[in-house]
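Colleague: Following this message is one structure expressed as structure tokens.
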Amino acid sequence: MTWTLPDPMLTTPVPRPDLPPRAAAEPKWDGYRAQLARRADGVLLRSRQGTDMTAAFPEIADAALAQLPGDTGLDGELVVWEGERLAFERLQQRLARRRGAGAAAAARTWPAHLVVFDVVRLAGADLTPWPYARRRAALETLFADTPLTAPFTLCPSTTDPATARDWLTWTSAGLEGLCFKRLSEPYRAGARAWGKYKVRVTTEAIVGAVTGTPAAPRTLLLGRYDGTGRLRYTGRTVPLARTATAALAGALAPAVGEHPWTGRTFTAGWGSRDLLEVALVDPQLVVEVDVDV
């Protein structure tokens, strides 16, 4: 039996959220959260966990020295744009080339941008006690009056529900969802004070292989048929819950004879060289999956 699936674009989105009262919405980008400090002794670009990423992104450090006032701190999202979308895998590859000539070459090949959504220090003044609305006004003034140019980009912000809902159509370009920030909220370092909404859709896919065994699958490797009838690999699920493993165990059968993925290898993740040990299964079972886009 061959299953015919709907067009990949015909997916079912989950209901969209309402904008909370007295709050602003910002796009949530597919990148790395990063804090940038322009100090008297140079520049520091670090991750939310405190990892120093300055050497890995020399174009950001150079722009900070050239454009930012002294003793200024920004909060934002590092992204890499490729073609018509944000390419998270390129960002991961940038971090793998952490310093020196490799970092400089990677910056020329896959230049990064810092999408700035907050200013926490400006020309020596601590802005963290200020409410979000006041910090946002200062950030917009900084971009307009300095002015800041690429690789710095001002993150959009809105209090208009219709505009926020429209942003949710940008998922194909690399938007993951929305962040909600109270207009009166000060900047709280390390605190989870923002509301977040991640765009998810439900769609169908065919199980072509598993990690573990067909009788006890740990993850599912999924595929969809293209226009020529070829089963294309589309991705792997997160580790299955015990209830899902039990439900699938009786529905999966080991592949017998030729399989569309015979001889193919699968890596553990984007940019990884680690290969998965998989068991091919008879590609008959269609599952509905909830996808974080």
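Chain lettering (A, B, ...) mirrors the order of the structure tokens, residue numbering begins at 1 for each chain separately, and ligand numbering begins at 1 in order of display.
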Any idea what's packed within 6 Å of Gly70 of chain A, counting only C-alpha atoms, ignoring anything in its chain fewer than 2 positions away? Could you give it as a ChimeraX atom specification?

Modeller: /A:38-39,72,123

Colleague: Can you spit out the residues from that selection as an mmCIF file, in the first residue's frame, using C-alpha atoms?

Modeller:
data_model
loop_
_atom_site.group_PDB
_atom_site.id
_atom_site.type_symbol
_atom_site.label_atom_id
_atom_site.label_comp_id
_atom_site.auth_asym_id
_atom_site.auth_seq_id
_atom_site.Cartn_x
_atom_site.Cartn_y
_atom_site.Cartn_z
ATOM 1 C CA ARG A 38 30.791 47.905 24.522
ATOM 2 C CA ARG A 39 33.212 48.619 27.341
ATOM 3 C CA THR A 72 26.703 50.455 26.405
ATOM 4 C CA ALA A 123 26.691 55.602 27.701
#

Colleague: DSSP on the backbone, helix (DSSP H, G or I) only: what residues of segment 141-246 of chain A does that give? Format it as a list in words.

Modeller: Thr141, Leu142, Phe143, Ala144, Asp145, Pro161, Ala162, Thr163, Ala164, Arg165, Asp166, Trp167, Leu168, Thr169, Trp170, Thr171, Ser172, Ala173, Arg242, Thr243, Ala244, Thr245 and Ala246 of chain A

Colleague: What lies within 12 Å of segment 190-199 of chain A using only C-alpha atoms, ignoring chain neighbours under 6 positions off, as a PDB file with N, CA and C atoms, in the first residue's frame?

Modeller:
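The result, written out as selection.pdb:
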ATOM      1  N   THR A  12      -2.258  22.161   9.824  1.00  0.00           N
ATOM      2  CA  THR A  12      -3.266  22.732  10.698  1.00  0.00           C
ATOM      3  C   THR A  12      -2.590  23.490  11.821  1.00  0.00           C
ATOM      4  N   PRO A  13      -2.645  24.836  11.837  1.00  0.00           N
ATOM      5  CA  PRO A  13      -1.995  25.581  12.911  1.00  0.00           C
ATOM      6  C   PRO A  13      -2.824  25.537  14.184  1.00  0.00           C
ATOM      7  N   VAL A  14      -2.154  25.637  15.308  1.00  0.00           N
ATOM      8  CA  VAL A  14      -2.864  25.741  16.572  1.00  0.00           C
ATOM      9  C   VAL A  14      -3.443  27.154  16.676  1.00  0.00           C
ATOM     10  N   PRO A  15      -4.465  27.361  17.542  1.00  0.00           N
ATOM     11  CA  PRO A  15      -5.051  28.701  17.663  1.00  0.00           C
ATOM     12  C   PRO A  15      -4.006  29.740  18.038  1.00  0.00           C
ATOM     13  N   ARG A  16      -4.166  30.928  17.493  1.00  0.00           N
ATOM     14  CA  ARG A  16      -3.205  31.987  17.761  1.00  0.00           C
ATOM     15  C   ARG A  16      -3.559  32.704  19.059  1.00  0.00           C
ATOM     16  N   PRO A  17      -2.549  33.194  19.781  1.00  0.00           N
ATOM     17  CA  PRO A  17      -2.814  33.799  21.081  1.00  0.00           C
ATOM     18  C   PRO A  17      -3.280  35.244  20.942  1.00  0.00           C
ATOM     19  N   ASP A  18      -3.936  35.714  21.982  1.00  0.00           N
ATOM     20  CA  ASP A  18      -4.279  37.124  22.067  1.00  0.00           C
ATOM     21  C   ASP A  18      -3.140  37.866  22.741  1.00  0.00           C
ATOM     22  N   LEU A  19      -2.955  39.125  22.363  1.00  0.00           N
ATOM     23  CA  LEU A  19      -1.930  39.957  22.986  1.00  0.00           C
ATOM     24  C   LEU A  19      -2.396  40.321  24.392  1.00  0.00           C
ATOM     25  N   PRO A  20      -1.602  40.006  25.423  1.00  0.00           N
ATOM     26  CA  PRO A  20      -2.016  40.341  26.791  1.00  0.00           C
ATOM     27  C   PRO A  20      -2.193  41.847  26.956  1.00  0.00           C
ATOM     28  N   ALA A  23       0.808  45.088  27.343  1.00  0.00           N
ATOM     29  CA  ALA A  23       2.028  44.374  26.965  1.00  0.00           C
ATOM     30  C   ALA A  23       2.350  44.652  25.508  1.00  0.00           C
ATOM     31  N   ALA A  24       3.616  44.454  25.164  1.00  0.00           N
ATOM     32  CA  ALA A  24       4.065  44.550  23.778  1.00  0.00           C
ATOM     33  C   ALA A  24       4.469  43.166  23.296  1.00  0.00           C
ATOM     34  N   ALA A  25       4.349  42.958  22.006  1.00  0.00           N
ATOM     35  CA  ALA A  25       4.768  41.702  21.392  1.00  0.00           C
ATOM     36  C   ALA A  25       5.992  41.953  20.529  1.00  0.00           C
ATOM     37  N   GLU A  26       6.911  40.994  20.527  1.00  0.00           N
ATOM     38  CA  GLU A  26       8.089  41.011  19.660  1.00  0.00           C
ATOM     39  C   GLU A  26       8.215  39.660  18.983  1.00  0.00           C
ATOM     40  N   PRO A  27       8.720  39.616  17.749  1.00  0.00           N
ATOM     41  CA  PRO A  27       8.975  38.325  17.116  1.00  0.00           C
ATOM     42  C   PRO A  27      10.040  37.540  17.882  1.00  0.00           C
ATOM     43  N   LYS A  28       9.862  36.235  17.926  1.00  0.00           N
ATOM     44  CA  LYS A  28      10.859  35.339  18.518  1.00  0.00           C
ATOM     45  C   LYS A  28      11.613  34.681  17.370  1.00  0.00           C
ATOM     46  N   TRP A  29      12.913  34.977  17.266  1.00  0.00           N
ATOM     47  CA  TRP A  29      13.704  34.581  16.100  1.00  0.00           C
ATOM     48  C   TRP A  29      14.401  33.246  16.323  1.00  0.00           C
ATOM     49  N   ASP A  30      14.717  32.580  15.229  1.00  0.00           N
ATOM     50  CA  ASP A  30      15.441  31.308  15.270  1.00  0.00           C
ATOM     51  C   ASP A  30      16.933  31.605  15.301  1.00  0.00           C
ATOM     52  N   GLN A  35      24.114  38.776  24.546  1.00  0.00           N
ATOM     53  CA  GLN A  35      24.254  40.067  25.201  1.00  0.00           C
ATOM     54  C   GLN A  35      25.576  40.684  24.760  1.00  0.00           C
ATOM     55  N   SER A  47      26.736  34.514  25.485  1.00  0.00           N
ATOM     56  CA  SER A  47      25.442  33.854  25.425  1.00  0.00           C
ATOM     57  C   SER A  47      24.674  34.088  26.719  1.00  0.00           C
ATOM     58  N   ARG A  48      23.430  33.637  26.736  1.00  0.00           N
ATOM     59  CA  ARG A  48      22.623  33.772  27.942  1.00  0.00           C
ATOM     60  C   ARG A  48      23.235  33.004  29.112  1.00  0.00           C
ATOM     61  N   GLN A  49      23.971  31.916  28.792  1.00  0.00           N
ATOM     62  CA  GLN A  49      24.628  31.128  29.826  1.00  0.00           C
ATOM     63  C   GLN A  49      25.979  31.708  30.233  1.00  0.00           C
ATOM     64  N   GLY A  50      26.404  32.790  29.576  1.00  0.00           N
ATOM     65  CA  GLY A  50      27.657  33.429  29.926  1.00  0.00           C
ATOM     66  C   GLY A  50      28.847  33.017  29.085  1.00  0.00           C
ATOM     67  N   TYR A 132       9.870  48.654  30.496  1.00  0.00           N
ATOM     68  CA  TYR A 132      10.121  48.255  29.110  1.00  0.00           C
ATOM     69  C   TYR A 132       9.802  49.380  28.131  1.00  0.00           C
ATOM     70  N   ALA A 164       0.731  41.798  15.582  1.00  0.00           N
ATOM     71  CA  ALA A 164       1.369  40.635  16.196  1.00  0.00           C
ATOM     72  C   ALA A 164       0.903  39.349  15.536  1.00  0.00           C
ATOM     73  N   ARG A 165      -0.400  39.247  15.254  1.00  0.00           N
ATOM     74  CA  ARG A 165      -0.906  38.039  14.603  1.00  0.00           C
ATOM     75  C   ARG A 165      -0.336  37.903  13.199  1.00  0.00           C
ATOM     76  N   TRP A 167       2.599  38.782  12.219  1.00  0.00           N
ATOM     77  CA  TRP A 167       3.972  38.290  12.309  1.00  0.00           C
ATOM     78  C   TRP A 167       4.035  36.766  12.346  1.00  0.00           C
ATOM     79  N   LEU A 168       2.991  36.128  12.823  1.00  0.00           N
ATOM     80  CA  LEU A 168       3.003  34.674  12.912  1.00  0.00           C
ATOM     81  C   LEU A 168       2.992  34.009  11.538  1.00  0.00           C
ATOM     82  N   THR A 169       2.798  34.785  10.476  1.00  0.00           N
ATOM     83  CA  THR A 169       2.865  34.225   9.128  1.00  0.00           C
ATOM     84  C   THR A 169       4.297  34.206   8.604  1.00  0.00           C
ATOM     85  N   TRP A 170       5.255  34.686   9.403  1.00  0.00           N
ATOM     86  CA  TRP A 170       6.641  34.765   8.952  1.00  0.00           C
ATOM     87  C   TRP A 170       7.435  33.490   9.255  1.00  0.00           C
ATOM     88  N   THR A 171       6.770  32.421   9.641  1.00  0.00           N
ATOM     89  CA  THR A 171       7.505  31.235  10.095  1.00  0.00           C
ATOM     90  C   THR A 171       8.423  30.665   9.026  1.00  0.00           C
ATOM     91  N   SER A 172       8.055  30.763   7.751  1.00  0.00           N
ATOM     92  CA  SER A 172       8.907  30.217   6.692  1.00  0.00           C
ATOM     93  C   SER A 172      10.221  30.966   6.582  1.00  0.00           C
ATOM     94  N   GLY A 174      11.807  32.106   9.350  1.00  0.00           N
ATOM     95  CA  GLY A 174      12.607  31.850  10.532  1.00  0.00           C
ATOM     96  C   GLY A 174      12.066  32.428  11.824  1.00  0.00           C
ATOM     97  N   LEU A 175      10.801  32.840  11.827  1.00  0.00           N
ATOM     98  CA  LEU A 175      10.198  33.297  13.076  1.00  0.00           C
ATOM     99  C   LEU A 175       9.601  32.110  13.803  1.00  0.00           C
ATOM    100  N   GLU A 176       9.936  31.959  15.087  1.00  0.00           N
ATOM    101  CA  GLU A 176       9.484  30.815  15.877  1.00  0.00           C
ATOM    102  C   GLU A 176       8.186  31.091  16.630  1.00  0.00           C
ATOM    103  N   GLY A 177       7.861  32.370  16.837  1.00  0.00           N
ATOM    104  CA  GLY A 177       6.679  32.704  17.614  1.00  0.00           C
ATOM    105  C   GLY A 177       6.760  34.143  18.079  1.00  0.00           C
ATOM    106  N   LEU A 178       6.217  34.398  19.272  1.00  0.00           N
ATOM    107  CA  LEU A 178       6.179  35.744  19.820  1.00  0.00           C
ATOM    108  C   LEU A 178       6.667  35.749  21.261  1.00  0.00           C
ATOM    109  N   CYS A 179       7.225  36.875  21.673  1.00  0.00           N
ATOM    110  CA  CYS A 179       7.516  37.154  23.068  1.00  0.00           C
ATOM    111  C   CYS A 179       6.598  38.282  23.522  1.00  0.00           C
ATOM    112  N   PHE A 180       6.042  38.161  24.732  1.00  0.00           N
ATOM    113  CA  PHE A 180       5.185  39.188  25.292  1.00  0.00           C
ATOM    114  C   PHE A 180       5.890  39.820  26.487  1.00  0.00           C
ATOM    115  N   LYS A 181       5.969  41.141  26.490  1.00  0.00           N
ATOM    116  CA  LYS A 181       6.672  41.857  27.553  1.00  0.00           C
ATOM    117  C   LYS A 181       5.771  42.955  28.102  1.00  0.00           C
ATOM    118  N   ARG A 182       5.608  42.974  29.417  1.00  0.00           N
ATOM    119  CA  ARG A 182       4.781  43.997  30.047  1.00  0.00           C
ATOM    120  C   ARG A 182       5.445  45.361  29.907  1.00  0.00           C
ATOM    121  N   LEU A 183       4.640  46.358  29.561  1.00  0.00           N
ATOM    122  CA  LEU A 183       5.173  47.690  29.308  1.00  0.00           C
ATOM    123  C   LEU A 183       5.803  48.297  30.555  1.00  0.00           C
ATOM    124  N   SER A 184       5.359  47.874  31.732  1.00  0.00           N
ATOM    125  CA  SER A 184       5.861  48.447  32.982  1.00  0.00           C
ATOM    126  C   SER A 184       7.001  47.633  33.598  1.00  0.00           C
ATOM    127  N   ASP A 290       3.046  16.874  15.979  1.00  0.00           N
ATOM    128  CA  ASP A 290       2.939  18.265  16.391  1.00  0.00           C
ATOM    129  C   ASP A 290       4.323  18.875  16.188  1.00  0.00           C
ATOM    130  N   VAL A 291       4.403  19.846  15.288  1.00  0.00           N
ATOM    131  CA  VAL A 291       5.707  20.336  14.824  1.00  0.00           C
ATOM    132  C   VAL A 291       5.957  21.739  15.346  1.00  0.00           C
ATOM    133  N   ASP A 292       7.117  21.926  15.970  1.00  0.00           N
ATOM    134  CA  ASP A 292       7.588  23.259  16.342  1.00  0.00           C
ATOM    135  C   ASP A 292       8.272  23.836  15.121  1.00  0.00           C
ATOM    136  N   VAL A 293       7.680  24.877  14.508  1.00  0.00           N
ATOM    137  CA  VAL A 293       8.214  25.399  13.253  1.00  0.00           C
ATOM    138  C   VAL A 293       9.280  26.461  13.491  1.00  0.00           C
TER     139      VAL A 293
END

Colleague: Could you write out, as a list in words, all the residues of segment 147-203 of chain A that DSSP marks as strand (DSSP E or B)?

Modeller: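 The residues of segment 147-203 of chain A classed as strand (DSSP E or B) are Phe152, Thr153, Leu154, Thr158, Leu175, Glu176, Gly177, Leu178, Cys179, Phe180, Lys181, Arg182, Gly195, Lys196, Tyr197, Lys198, Arg200, Val201, Thr202 and Thr203 of chain A.
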
Colleague: Counting only C-alpha atoms, what is within 10 Å of segment 263-276 of chain A, bar same-chain residues fewer than 3 positions away, as a list in words?

Modeller: Phe88, Glu89, Arg90, Leu91, Gln92, Gln93, Ala96, Val210, Thr211, Leu221, Tyr233, Gly235, Arg236, His259, Pro260 and Ala279 of chain A

Colleague: Could you tell me how far atom CA of Cys155 of chain A sits from atom CA of Ala61 of chain A, in Å to one decimal place?

Modeller: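 Distance between the two atoms: 19.0 Å.
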
Colleague: Write out as a ChimeraX atom specification each polymer residue whose atoms come within 7 Å of Leu280 of chain A, counting only C-alpha atoms; drop sequence neighbours fewer than 3 positions from it.

Modeller: /A:208-210,254-255

Colleague: I'd like to know which of A:Ala150, A:Val286, A:Val80, A:Ala249 is closest to Leu222 of chain A, using only C-alpha atoms.

Modeller: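 Smallest distance to Leu222 of chain A is found for A:Val286.
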